[in-house]
>>> print(open('final_23.pdb').read())   # PDB, C-alpha atoms, pLDDT in the B column
ATOM      1  CA  MET A   1      17.209  -1.594   2.910  1.00 91.00           C
ATOM      2  CA  LEU A   2      14.256   0.533   3.969  1.00 97.00           C
ATOM      3  CA  LEU A   3      12.317  -2.391   5.476  1.00 98.00           C
ATOM      4  CA  ASP A   4      13.415  -5.882   6.511  1.00 98.00           C
ATOM      5  CA  VAL A   5      10.982  -8.520   7.733  1.00 98.00           C
ATOM      6  CA  LYS A   6      12.795 -11.446   9.359  1.00 98.00           C
ATOM      7  CA  ASP A   7      11.282 -14.832  10.253  1.00 98.00           C
ATOM      8  CA  LEU A   8       7.910 -13.263  11.057  1.00 98.00           C
ATOM      9  CA  VAL A   9       5.249 -15.408  12.732  1.00 97.00           C
ATOM     10  CA  VAL A  10       1.749 -13.987  13.278  1.00 96.00           C
ATOM     11  CA  LYS A  11      -1.095 -15.985  14.815  1.00 95.00           C
ATOM     12  CA  TYR A  12      -4.854 -15.661  15.065  1.00 90.00           C
ATOM     13  CA  ASN A  13      -6.088 -17.553  18.145  1.00 87.00           C
ATOM     14  CA  GLN A  14      -2.874 -19.600  18.165  1.00 89.00           C
ATOM     15  CA  ILE A  15      -3.316 -20.549  14.502  1.00 91.00           C
ATOM     16  CA  PRO A  16      -0.361 -19.277  12.414  1.00 92.00           C
ATOM     17  CA  ALA A  17      -1.319 -16.924   9.581  1.00 94.00           C
ATOM     18  CA  LEU A  18       2.311 -16.067   8.762  1.00 97.00           C
ATOM     19  CA  LYS A  19       4.773 -18.906   9.243  1.00 96.00           C
ATOM     20  CA  GLY A  20       8.220 -17.394   9.505  1.00 97.00           C
ATOM     21  CA  ILE A  21       8.318 -15.189   6.411  1.00 96.00           C
ATOM     22  CA  SER A  22      11.240 -12.941   5.476  1.00 97.00           C
ATOM     23  CA  LEU A  23      11.302 -10.204   2.859  1.00 97.00           C
ATOM     24  CA  SER A  24      12.956  -6.874   2.111  1.00 97.00           C
ATOM     25  CA  VAL A  25      11.766  -3.606   0.594  1.00 98.00           C
ATOM     26  CA  GLU A  26      14.408  -1.492  -1.106  1.00 97.00           C
ATOM     27  CA  GLU A  27      14.168   2.277  -0.879  1.00 97.00           C
ATOM     28  CA  GLY A  28      12.751   3.967  -3.976  1.00 96.00           C
ATOM     29  CA  LYS A  29      11.476   0.686  -5.433  1.00 97.00           C
ATOM     30  CA  VAL A  30       8.102  -1.038  -5.786  1.00 98.00           C
ATOM     31  CA  THR A  31       7.994  -4.442  -4.112  1.00 98.00           C
ATOM     32  CA  THR A  32       4.913  -6.554  -4.703  1.00 97.00           C
ATOM     33  CA  LEU A  33       3.539  -9.459  -2.692  1.00 96.00           C
ATOM     34  CA  LEU A  34       1.275 -11.794  -4.643  1.00 93.00           C
ATOM     35  CA  GLY A  35      -0.935 -14.580  -3.424  1.00 88.00           C
ATOM     36  CA  SER A  36      -4.469 -15.912  -3.312  1.00 84.00           C
ATOM     37  CA  ASN A  37      -7.118 -14.999  -0.731  1.00 82.00           C
ATOM     38  CA  GLY A  38      -6.136 -16.257   2.708  1.00 84.00           C
ATOM     39  CA  ALA A  39      -2.415 -16.429   1.917  1.00 88.00           C
ATOM     40  CA  GLY A  40      -1.626 -13.858   4.625  1.00 92.00           C
ATOM     41  CA  LYS A  41      -0.951 -10.742   2.549  1.00 93.00           C
ATOM     42  CA  SER A  42      -3.184  -8.350   4.496  1.00 92.00           C
ATOM     43  CA  THR A  43      -1.986  -9.875   7.765  1.00 94.00           C
ATOM     44  CA  LEU A  44       1.552  -8.851   6.862  1.00 96.00           C
ATOM     45  CA  LEU A  45       0.561  -5.233   6.203  1.00 95.00           C
ATOM     46  CA  LYS A  46      -1.443  -5.035   9.422  1.00 94.00           C
ATOM     47  CA  THR A  47       1.564  -6.326  11.337  1.00 96.00           C
ATOM     48  CA  ILE A  48       3.989  -3.856   9.748  1.00 97.00           C
ATOM     49  CA  SER A  49       1.586  -0.997  10.499  1.00 95.00           C
ATOM     50  CA  GLY A  50       1.209  -2.022  14.157  1.00 95.00           C
ATOM     51  CA  VAL A  51      -2.392  -3.273  14.095  1.00 94.00           C
ATOM     52  CA  LEU A  52      -1.249  -6.839  14.812  1.00 94.00           C
ATOM     53  CA  LYS A  53       1.710  -7.960  16.919  1.00 95.00           C
ATOM     54  CA  PRO A  54       3.982 -10.811  15.805  1.00 96.00           C
ATOM     55  CA  SER A  55       4.602 -13.875  17.951  1.00 95.00           C
ATOM     56  CA  GLU A  56       8.120 -14.282  16.598  1.00 96.00           C
ATOM     57  CA  GLY A  57      10.526 -12.532  14.263  1.00 97.00           C
ATOM     58  CA  GLU A  58      11.459  -8.923  13.620  1.00 97.00           C
ATOM     59  CA  ILE A  59      10.328  -5.938  11.579  1.00 98.00           C
ATOM     60  CA  ILE A  60      13.271  -3.613  10.965  1.00 98.00           C
ATOM     61  CA  TYR A  61      12.506  -0.184   9.507  1.00 98.00           C
ATOM     62  CA  LEU A  62      15.383   2.208   8.800  1.00 96.00           C
ATOM     63  CA  GLY A  63      17.555   0.059  11.050  1.00 96.00           C
ATOM     64  CA  ARG A  64      15.102   0.196  13.955  1.00 96.00           C
ATOM     65  CA  ARG A  65      13.082  -2.696  15.363  1.00 97.00           C
ATOM     66  CA  ILE A  66       9.411  -1.619  15.313  1.00 97.00           C
ATOM     67  CA  ASN A  67       7.635  -4.802  16.476  1.00 94.00           C
ATOM     68  CA  ASN A  68       6.172  -3.200  19.581  1.00 90.00           C
ATOM     69  CA  GLU A  69       5.545   0.318  18.300  1.00 95.00           C
ATOM     70  CA  SER A  70       1.992   1.666  18.211  1.00 94.00           C
ATOM     71  CA  GLY A  71       0.224   2.258  14.910  1.00 91.00           C
ATOM     72  CA  HIS A  72       0.232   6.002  15.589  1.00 90.00           C
ATOM     73  CA  ASP A  73       3.992   6.063  16.116  1.00 94.00           C
ATOM     74  CA  ILE A  74       4.595   3.933  13.021  1.00 95.00           C
ATOM     75  CA  VAL A  75       2.725   6.485  10.898  1.00 93.00           C
ATOM     76  CA  LYS A  76       4.902   9.204  12.434  1.00 93.00           C
ATOM     77  CA  MET A  77       7.988   7.208  11.416  1.00 95.00           C
ATOM     78  CA  GLY A  78       6.905   7.402   7.790  1.00 96.00           C
ATOM     79  CA  ILE A  79       4.843   4.275   7.043  1.00 97.00           C
ATOM     80  CA  ALA A  80       1.368   4.803   5.564  1.00 95.00           C
ATOM     81  CA  GLN A  81      -1.160   2.167   4.536  1.00 93.00           C
ATOM     82  CA  CYS A  82      -4.056   2.255   2.086  1.00 90.00           C
ATOM     83  CA  PRO A  83      -6.360  -0.456   3.453  1.00 83.00           C
ATOM     84  CA  GLU A  84      -8.265  -2.979   1.374  1.00 83.00           C
ATOM     85  CA  GLY A  85     -11.743  -1.813   0.413  1.00 76.00           C
ATOM     86  CA  ARG A  86     -10.852   1.886  -0.084  1.00 77.00           C
ATOM     87  CA  LYS A  87     -12.092   3.087   3.342  1.00 87.00           C
ATOM     88  CA  VAL A  88     -12.719   6.761   2.630  1.00 93.00           C
ATOM     89  CA  PHE A  89     -14.391   8.970   5.247  1.00 94.00           C
ATOM     90  CA  PRO A  90     -17.723   8.930   3.395  1.00 95.00           C
ATOM     91  CA  ARG A  91     -19.381  11.923   5.064  1.00 96.00           C
ATOM     92  CA  GLN A  92     -16.375  14.173   4.597  1.00 97.00           C
ATOM     93  CA  THR A  93     -15.520  15.942   1.366  1.00 98.00           C
ATOM     94  CA  VAL A  94     -12.607  15.010  -0.861  1.00 98.00           C
ATOM     95  CA  TYR A  95     -10.722  18.040   0.483  1.00 98.00           C
ATOM     96  CA  GLU A  96     -11.452  17.077   4.100  1.00 97.00           C
ATOM     97  CA  ASN A  97     -10.272  13.497   3.475  1.00 97.00           C
ATOM     98  CA  LEU A  98      -6.960  14.818   2.176  1.00 97.00           C
ATOM     99  CA  LYS A  99      -6.626  17.181   5.123  1.00 96.00           C
ATOM    100  CA  MET A 100      -7.153  14.234   7.490  1.00 95.00           C
ATOM    101  CA  GLY A 101      -4.244  12.444   5.830  1.00 94.00           C
ATOM    102  CA  ALA A 102      -1.938  15.180   7.129  1.00 94.00           C
ATOM    103  CA  TYR A 103      -3.107  15.024  10.746  1.00 92.00           C
ATOM    104  CA  ILE A 104       0.383  14.185  12.077  1.00 91.00           C
ATOM    105  CA  ARG A 105       2.044  17.104  10.282  1.00 90.00           C
ATOM    106  CA  LYS A 106       2.916  20.443  11.862  1.00 90.00           C
ATOM    107  CA  ASP A 107       4.454  22.166   8.827  1.00 93.00           C
ATOM    108  CA  LYS A 108       2.855  24.877   6.710  1.00 94.00           C
ATOM    109  CA  GLU A 109       2.879  22.982   3.391  1.00 96.00           C
ATOM    110  CA  VAL A 110      -0.280  20.920   3.825  1.00 97.00           C
ATOM    111  CA  GLU A 111      -2.382  23.118   1.548  1.00 97.00           C
ATOM    112  CA  SER A 112       0.289  23.150  -1.163  1.00 97.00           C
ATOM    113  CA  ASP A 113       0.450  19.334  -1.036  1.00 96.00           C
ATOM    114  CA  ILE A 114      -3.334  19.141  -1.433  1.00 97.00           C
ATOM    115  CA  GLU A 115      -3.122  21.394  -4.488  1.00 96.00           C
ATOM    116  CA  LYS A 116      -0.292  19.241  -5.850  1.00 95.00           C
ATOM    117  CA  TYR A 117      -2.448  16.121  -5.737  1.00 94.00           C
ATOM    118  CA  PHE A 118      -5.374  18.002  -7.233  1.00 96.00           C
ATOM    119  CA  LYS A 119      -3.136  18.859 -10.192  1.00 93.00           C
ATOM    120  CA  GLN A 120      -1.918  15.273 -10.524  1.00 90.00           C
ATOM    121  CA  PHE A 121      -5.465  13.882 -10.251  1.00 90.00           C
ATOM    122  CA  PRO A 122      -7.827  16.409 -11.891  1.00 92.00           C
ATOM    123  CA  ILE A 123     -10.903  14.298 -11.122  1.00 93.00           C
ATOM    124  CA  LEU A 124     -10.263  14.892  -7.409  1.00 95.00           C
ATOM    125  CA  GLN A 125     -10.017  18.618  -8.094  1.00 96.00           C
ATOM    126  CA  GLU A 126     -13.431  18.465  -9.780  1.00 96.00           C
ATOM    127  CA  ARG A 127     -14.849  16.590  -6.785  1.00 96.00           C
ATOM    128  CA  ARG A 128     -13.045  18.543  -4.043  1.00 97.00           C
ATOM    129  CA  ASN A 129     -16.268  19.681  -2.306  1.00 97.00           C
ATOM    130  CA  GLN A 130     -18.176  16.431  -2.895  1.00 97.00           C
ATOM    131  CA  LYS A 131     -18.693  13.922  -0.079  1.00 97.00           C
ATOM    132  CA  ALA A 132     -16.279  11.044  -0.585  1.00 96.00           C
ATOM    133  CA  GLY A 133     -19.010   8.431  -0.147  1.00 95.00           C
ATOM    134  CA  PHE A 134     -20.540   9.527  -3.461  1.00 95.00           C
ATOM    135  CA  LEU A 135     -17.365   9.002  -5.503  1.00 95.00           C
ATOM    136  CA  SER A 136     -16.975   6.060  -7.858  1.00 92.00           C
ATOM    137  CA  GLY A 137     -14.817   3.135  -6.775  1.00 90.00           C
ATOM    138  CA  GLY A 138     -11.890   4.309  -8.871  1.00 89.00           C
ATOM    139  CA  GLU A 139     -12.161   7.867  -7.576  1.00 92.00           C
ATOM    140  CA  GLN A 140     -12.242   6.600  -3.997  1.00 93.00           C
ATOM    141  CA  GLN A 141      -9.109   4.518  -4.615  1.00 91.00           C
ATOM    142  CA  MET A 142      -7.234   7.534  -5.965  1.00 92.00           C
ATOM    143  CA  LEU A 143      -8.428   9.544  -2.974  1.00 95.00           C
ATOM    144  CA  VAL A 144      -7.170   7.044  -0.390  1.00 94.00           C
ATOM    145  CA  ILE A 145      -3.791   6.842  -2.141  1.00 93.00           C
ATOM    146  CA  CYS A 146      -3.473  10.627  -2.073  1.00 94.00           C
ATOM    147  CA  ARG A 147      -4.739  10.761   1.513  1.00 95.00           C
ATOM    148  CA  ALA A 148      -1.979   8.343   2.557  1.00 94.00           C
ATOM    149  CA  LEU A 149       0.593  10.399   0.651  1.00 95.00           C
ATOM    150  CA  MET A 150      -0.473  13.486   2.606  1.00 96.00           C
ATOM    151  CA  SER A 151       1.508  12.139   5.575  1.00 94.00           C
ATOM    152  CA  ARG A 152       4.620  12.289   3.360  1.00 95.00           C
ATOM    153  CA  PRO A 153       5.495   8.632   3.962  1.00 96.00           C
ATOM    154  CA  LYS A 154       8.825   7.025   3.197  1.00 96.00           C
ATOM    155  CA  LEU A 155       6.947   3.738   2.680  1.00 97.00           C
ATOM    156  CA  LEU A 156       3.464   3.512   1.148  1.00 97.00           C
ATOM    157  CA  MET A 157       1.700   0.157   1.591  1.00 97.00           C
ATOM    158  CA  LEU A 158      -1.163  -0.554  -0.806  1.00 96.00           C
ATOM    159  CA  ASP A 159      -3.584  -3.388   0.003  1.00 93.00           C
ATOM    160  CA  GLU A 160      -5.432  -4.700  -3.086  1.00 92.00           C
ATOM    161  CA  PRO A 161      -5.886  -1.309  -4.817  1.00 92.00           C
ATOM    162  CA  SER A 162      -7.547  -2.863  -7.881  1.00 89.00           C
ATOM    163  CA  MET A 163     -10.074  -5.022  -6.015  1.00 88.00           C
ATOM    164  CA  GLY A 164     -13.630  -4.725  -7.344  1.00 86.00           C
ATOM    165  CA  LEU A 165     -12.789  -2.199 -10.054  1.00 87.00           C
ATOM    166  CA  ALA A 166     -13.614  -2.373 -13.767  1.00 88.00           C
ATOM    167  CA  PRO A 167     -10.613  -3.094 -16.047  1.00 89.00           C
ATOM    168  CA  ILE A 168     -10.436   0.460 -17.413  1.00 88.00           C
ATOM    169  CA  ILE A 169     -10.411   1.841 -13.855  1.00 88.00           C
ATOM    170  CA  VAL A 170      -7.743  -0.675 -12.827  1.00 90.00           C
ATOM    171  CA  LYS A 171      -5.537   0.773 -15.569  1.00 89.00           C
ATOM    172  CA  GLU A 172      -6.055   4.286 -14.147  1.00 87.00           C
ATOM    173  CA  VAL A 173      -5.210   3.127 -10.627  1.00 89.00           C
ATOM    174  CA  PHE A 174      -1.961   1.507 -11.775  1.00 92.00           C
ATOM    175  CA  ASN A 175      -1.090   4.639 -13.729  1.00 90.00           C
ATOM    176  CA  ALA A 176      -1.495   6.487 -10.415  1.00 89.00           C
ATOM    177  CA  ILE A 177       0.827   3.964  -8.733  1.00 93.00           C
ATOM    178  CA  ARG A 178       3.418   4.602 -11.458  1.00 93.00           C
ATOM    179  CA  MET A 179       3.184   8.347 -10.761  1.00 91.00           C
ATOM    180  CA  VAL A 180       3.822   7.696  -7.072  1.00 91.00           C
ATOM    181  CA  LYS A 181       6.787   5.463  -7.952  1.00 94.00           C
ATOM    182  CA  GLU A 182       8.248   8.154 -10.223  1.00 93.00           C
ATOM    183  CA  SER A 183       8.027  10.648  -7.345  1.00 91.00           C
ATOM    184  CA  GLY A 184      10.502   8.457  -5.438  1.00 93.00           C
ATOM    185  CA  THR A 185       8.135   7.034  -2.812  1.00 95.00           C
ATOM    186  CA  THR A 186       8.868   3.422  -1.840  1.00 97.00           C
ATOM    187  CA  ILE A 187       5.859   1.120  -2.290  1.00 98.00           C
ATOM    188  CA  LEU A 188       4.920  -2.274  -0.874  1.00 98.00           C
ATOM    189  CA  LEU A 189       2.068  -3.470  -3.079  1.00 97.00           C
ATOM    190  CA  ILE A 190      -0.317  -6.272  -2.120  1.00 94.00           C
ATOM    191  CA  GLU A 191      -2.274  -7.344  -5.166  1.00 89.00           C
ATOM    192  CA  GLN A 192      -4.193 -10.230  -6.760  1.00 83.00           C
ATOM    193  CA  ASN A 193      -3.889  -8.776 -10.259  1.00 87.00           C
ATOM    194  CA  ALA A 194      -0.478 -10.352 -10.757  1.00 90.00           C
ATOM    195  CA  LYS A 195       0.167  -9.086 -14.276  1.00 91.00           C
ATOM    196  CA  GLN A 196      -0.479  -5.426 -13.456  1.00 92.00           C
ATOM    197  CA  ALA A 197       1.477  -5.684 -10.207  1.00 94.00           C
ATOM    198  CA  LEU A 198       4.541  -7.274 -11.805  1.00 96.00           C
ATOM    199  CA  GLN A 199       4.523  -4.735 -14.635  1.00 95.00           C
ATOM    200  CA  VAL A 200       4.824  -1.847 -12.175  1.00 96.00           C
ATOM    201  CA  ALA A 201       7.043  -3.573  -9.575  1.00 97.00           C
ATOM    202  CA  ASP A 202      10.815  -3.985  -9.360  1.00 97.00           C
ATOM    203  CA  TYR A 203      10.807  -7.087  -7.174  1.00 98.00           C
ATOM    204  CA  GLY A 204       8.182  -9.618  -6.172  1.00 97.00           C
ATOM    205  CA  TYR A 205       7.368 -12.315  -3.653  1.00 96.00           C
ATOM    206  CA  ILE A 206       4.810 -15.116  -3.882  1.00 94.00           C
ATOM    207  CA  LEU A 207       3.030 -15.907  -0.608  1.00 93.00           C
ATOM    208  CA  GLU A 208       1.210 -19.215  -0.239  1.00 92.00           C
ATOM    209  CA  VAL A 209      -0.559 -20.217   2.976  1.00 92.00           C
ATOM    210  CA  GLY A 210       1.619 -18.028   5.160  1.00 95.00           C
ATOM    211  CA  ARG A 211       4.966 -18.861   3.549  1.00 95.00           C
ATOM    212  CA  ILE A 212       7.107 -17.168   0.885  1.00 96.00           C
ATOM    213  CA  THR A 213       7.527 -19.736  -1.893  1.00 94.00           C
ATOM    214  CA  ILE A 214       9.138 -17.668  -4.674  1.00 94.00           C
ATOM    215  CA  ALA A 215      11.132 -14.414  -4.709  1.00 96.00           C
ATOM    216  CA  ASP A 216      12.702 -12.790  -7.772  1.00 96.00           C
ATOM    217  CA  ASP A 217      12.907  -9.703  -9.953  1.00 97.00           C
ATOM    218  CA  ALA A 218       9.433  -8.695 -11.109  1.00 96.00           C
ATOM    219  CA  ASP A 219      10.269  -9.196 -14.790  1.00 95.00           C
ATOM    220  CA  ALA A 220      11.556 -12.701 -14.108  1.00 96.00           C
ATOM    221  CA  LEU A 221       8.361 -13.558 -12.229  1.00 95.00           C
ATOM    222  CA  LEU A 222       6.248 -12.100 -15.033  1.00 93.00           C
ATOM    223  CA  HIS A 223       7.851 -14.543 -17.471  1.00 91.00           C
ATOM    224  CA  SER A 224       8.113 -17.510 -15.103  1.00 91.00           C
ATOM    225  CA  ASP A 225       6.199 -20.603 -16.223  1.00 88.00           C
ATOM    226  CA  THR A 226       5.268 -21.350 -12.607  1.00 85.00           C
ATOM    227  CA  VAL A 227       3.856 -17.889 -12.007  1.00 85.00           C
ATOM    228  CA  GLN A 228       2.184 -17.857 -15.428  1.00 83.00           C
ATOM    229  CA  LYS A 229       0.299 -21.054 -14.678  1.00 81.00           C
ATOM    230  CA  ALA A 230      -0.630 -20.144 -11.090  1.00 77.00           C
ATOM    231  CA  TYR A 231      -1.443 -16.440 -11.387  1.00 76.00           C
ATOM    232  CA  LEU A 232      -1.524 -15.302 -15.020  1.00 71.00           C
ATOM    233  CA  GLY A 233      -3.895 -17.767 -16.621  1.00 61.00           C
ATOM    234  CA  GLY A 234      -1.368 -20.054 -18.271  1.00 52.00           C
ATOM    235  CA  ALA A 235       1.795 -19.716 -20.316  1.00 45.00           C
TER     236      ALA A 235
END
>>> encode(input="final_23.pdb", output="structure tokens")
Amino acid sequence: MLLDVKDLVVKYNQIPALKGISLSVEEGKVTTLLGSNGAGKSTLLKTISGVLKPSEGEIIYLGRRINNESGHDIVKMGIAQCPEGRKVFPRQTVYENLKMGAYIRKDKEVESDIEKYFKQFPILQERRNQKAGFLSGGEQQMLVICRALMSRPKLLMLDEPSMGLAPIIVKEVFNAIRMVKESGTTILLIEQNAKQALQVADYGYILEVGRITIADDADALLHSDTVQKAYLGGA
């Protein structure tokens, strides 16, 4: 397993946000975590990436316990996160945003990686010299995904990539996620759009008020009566 979360407890001012959750992320697969607002999804990603520290439990990445590692070191280990709300560097160009994504790298292939993502996402090529703050929501989402990929992560964590986007743009974003999956990058996907998430994922977890309540293959969850009623608008 690439990532194992075991009995994780995370608190805000002594109030538990995650109440002993356990989950695994298999290498080369897309694992999705579904749940309503306030369920604890973003808290989990912040804890894996080192922004928050757990009170109890373990985060095991490539066989190594990373609970107390800094966010900077966790990125160096190969974990990258696309935060909720797109969070581009608005005053920097598209090209400069991508270059920032490679800040930990010392190799000579940064420019070739930028050109690779420009070829995969032609709209970013067209906007390469435009300030990122002037991009559309969908363009910004594609930019932050590519910016995270510039660190060459083993694990890419996506936090609500479809939030606030029009349906046609959501389709484009999930097509981009499929391209990343096909490249072999492991993905942990946090998403409220359950149908889209389960269609692209291999395995899924349902998080409710800080606890994992259901875990199964994504296709099984997609056709589950319980999940249909709770997250997909009925059977």
>>> residues_around(input="final_23.pdb", residues="range 20-31 of chain A", least_positions_apart="6", cutoff="10 Å", atoms="all atoms listed in the file", output="MDAnalysis selection string")
chainID A and resid 1:10 44 55:62 154:157 177:178 180:190 197:198 200:205 207 210:213 215 217:218
>>> closest_residue(input="final_23.pdb", among="A:Gln81, A:Ser112, A:Gln125, A:Gln92", to="Val144 in chain A", atoms="only C-alpha atoms")
A:Gln81
>>> closest_residue(input="final_23.pdb", among="A:Arg64, A:His72, A:Lys41, A:Lys46", to="Tyr103 in chain A", atoms="all atoms listed in the file")
A:His72
>>> resolve_selection(input="final_23.pdb", expression="the PyMOL selection byres ((chain A and resi 113) around 10)", output="number ranges by chain")
A: 98-99, 102, 108-112, 114-119, 146, 149-152
>>> resolve_selection(input="final_23.pdb", expression="the PyMOL selection byres ((chain A and resi 172) around 12)", output="list of chain:residue names")
A:Phe121, A:Ile123, A:Gly137, A:Gly138, A:Glu139, A:Gln141, A:Met142, A:Pro161, A:Ser162, A:Leu165, A:Ala166, A:Pro167, A:Ile168, A:Ile169, A:Val170, A:Lys171, A:Val173, A:Phe174, A:Asn175, A:Ala176, A:Ile177, A:Arg178, A:Met179, A:Gln196
>>> atom_distance(input="final_23.pdb", atom1="CA of Leu18 in chain A", atom2="CA of His223 in chain A")
26.9 Å
>>> atom_distance(input="final_23.pdb", atom1="CA of Val227 in chain A", atom2="CA of Gly35 in chain A")
10.4 Å
>>> atom_distance(input="final_23.pdb", atom1="CA of Gln192 in chain A", atom2="CA of Leu34 in chain A")
6.1 Å
>>> residues_around(input="final_23.pdb", residues="Leu135 in chain A", least_positions_apart="4", cutoff="10 Å", atoms="all atoms listed in the file", output="VMD selection string")
chain A and resid 88 90 93 to 94 124 127 130 to 131 139 to 141 143
>>> closest_residue(input="final_23.pdb", among="A:Ile145, A:Ala17, A:Ala230, A:Leu45", to="Ala194 in chain A", atoms="all atoms listed in the file")
A:Ala230
>>> closest_residue(input="final_23.pdb", among="A:Thr47, A:Asn37, A:Gln228, A:Gln14", to="Glu160 in chain A", atoms="only C-alpha atoms")
A:Asn37
>>> residues_near_point(input="final_23.pdb", point="(1.7, -2.8, 15.5)", cutoff="6 Å", atoms="all atoms listed in the file", output="number ranges by chain")
A: 47, 49-53, 69-71
>>> write_last_selection(input="final_23.pdb", atoms="C-alpha atoms", output="PDB file, keeping the file's coordinate frame")
ATOM      1  CA  THR A  47       1.564  -6.326  11.337  1.00 96.00           C
ATOM      2  CA  SER A  49       1.586  -0.997  10.499  1.00 95.00           C
ATOM      3  CA  GLY A  50       1.209  -2.022  14.157  1.00 95.00           C
ATOM      4  CA  VAL A  51      -2.392  -3.273  14.095  1.00 94.00           C
ATOM      5  CA  LEU A  52      -1.249  -6.839  14.812  1.00 94.00           C
ATOM      6  CA  LYS A  53       1.710  -7.960  16.919  1.00 95.00           C
ATOM      7  CA  GLU A  69       5.545   0.318  18.300  1.00 95.00           C
ATOM      8  CA  SER A  70       1.992   1.666  18.211  1.00 94.00           C
ATOM      9  CA  GLY A  71       0.224   2.258  14.910  1.00 91.00           C
TER      10      GLY A  71
END
>>> axis_aligned_box(input="final_23.pdb", around="range 200-207 of chain A", padding_each_side="6 Å", output="JSON")
{"center_x": 6.9, "center_y": -8.9, "center_z": -6.4, "size_x": 19.8, "size_y": 26.1, "size_z": 23.6}
>>> closest_residue(input="final_23.pdb", among="A:Asn13, A:Thr32, A:Ala80, A:Gly40", to="Val209 in chain A", atoms="only C-alpha atoms")
A:Gly40
>>> closest_residue(input="final_23.pdb", among="A:Ser136, A:Gln120, A:Asn97, A:Asn193", to="Asp159 in chain A", atoms="all atoms listed in the file")
A:Asn193
>>> decode(input="final_23.pdb", residues="range 30-44 of chain A", atoms="N, CA and C atoms", output="JSON list (two decimals), in the first residue's frame")
[["chain", "number", "residue", "atom", "x", "y", "z"],
["A", 30, "VAL", "N", -7.04, 5.29, -8.05],
["A", 30, "VAL", "CA", -7.75, 6.47, -7.55],
["A", 30, "VAL", "C", -8.65, 6.03, -6.41],
["A", 31, "THR", "N", -8.42, 6.60, -5.24],
["A", 31, "THR", "CA", -9.25, 6.34, -4.06],
["A", 31, "THR", "C", -10.02, 7.62, -3.77],
["A", 32, "THR", "N", -11.33, 7.51, -3.61],
["A", 32, "THR", "CA", -12.13, 8.69, -3.34],
["A", 32, "THR", "C", -12.74, 8.63, -1.95],
["A", 33, "LEU", "N", -12.85, 9.80, -1.34],
["A", 33, "LEU", "CA", -13.46, 9.95, -0.02],
["A", 33, "LEU", "C", -14.64, 10.89, -0.18],
["A", 34, "LEU", "N", -15.84, 10.36, 0.06],
["A", 34, "LEU", "CA", -17.06, 11.13, -0.12],
["A", 34, "LEU", "C", -17.66, 11.48, 1.23],
["A", 35, "GLY", "N", -18.39, 12.59, 1.23],
["A", 35, "GLY", "CA", -19.06, 12.99, 2.47],
["A", 35, "GLY", "C", -19.57, 14.41, 2.34],
["A", 36, "SER", "N", -20.49, 14.77, 3.21],
["A", 36, "SER", "CA", -21.08, 16.10, 3.18],
["A", 36, "SER", "C", -20.12, 17.12, 3.79],
["A", 37, "ASN", "N", -20.47, 18.40, 3.69],
["A", 37, "ASN", "CA", -19.68, 19.46, 4.33],
["A", 37, "ASN", "C", -19.59, 19.19, 5.83],
["A", 38, "GLY", "N", -18.39, 19.37, 6.38],
["A", 38, "GLY", "CA", -18.21, 19.17, 7.81],
["A", 38, "GLY", "C", -17.94, 17.75, 8.23],
["A", 39, "ALA", "N", -17.86, 16.83, 7.25],
["A", 39, "ALA", "CA", -17.63, 15.41, 7.59],
["A", 39, "ALA", "C", -16.20, 15.16, 8.04],
["A", 40, "GLY", "N", -15.27, 16.04, 7.60],
["A", 40, "GLY", "CA", -13.87, 15.87, 8.00],
["A", 40, "GLY", "C", -12.94, 15.56, 6.84],
["A", 41, "LYS", "N", -13.43, 15.68, 5.62],
["A", 41, "LYS", "CA", -12.64, 15.30, 4.44],
["A", 41, "LYS", "C", -11.39, 16.17, 4.29],
["A", 42, "SER", "N", -11.57, 17.48, 4.33],
["A", 42, "SER", "CA", -10.42, 18.39, 4.18],
["A", 42, "SER", "C", -9.47, 18.27, 5.37],
["A", 43, "THR", "N", -10.01, 18.00, 6.54],
["A", 43, "THR", "CA", -9.17, 17.80, 7.72],
["A", 43, "THR", "C", -8.21, 16.64, 7.50],
["A", 44, "LEU", "N", -8.71, 15.57, 6.89],
["A", 44, "LEU", "CA", -7.85, 14.42, 6.62],
["A", 44, "LEU", "C", -6.69, 14.80, 5.70]]
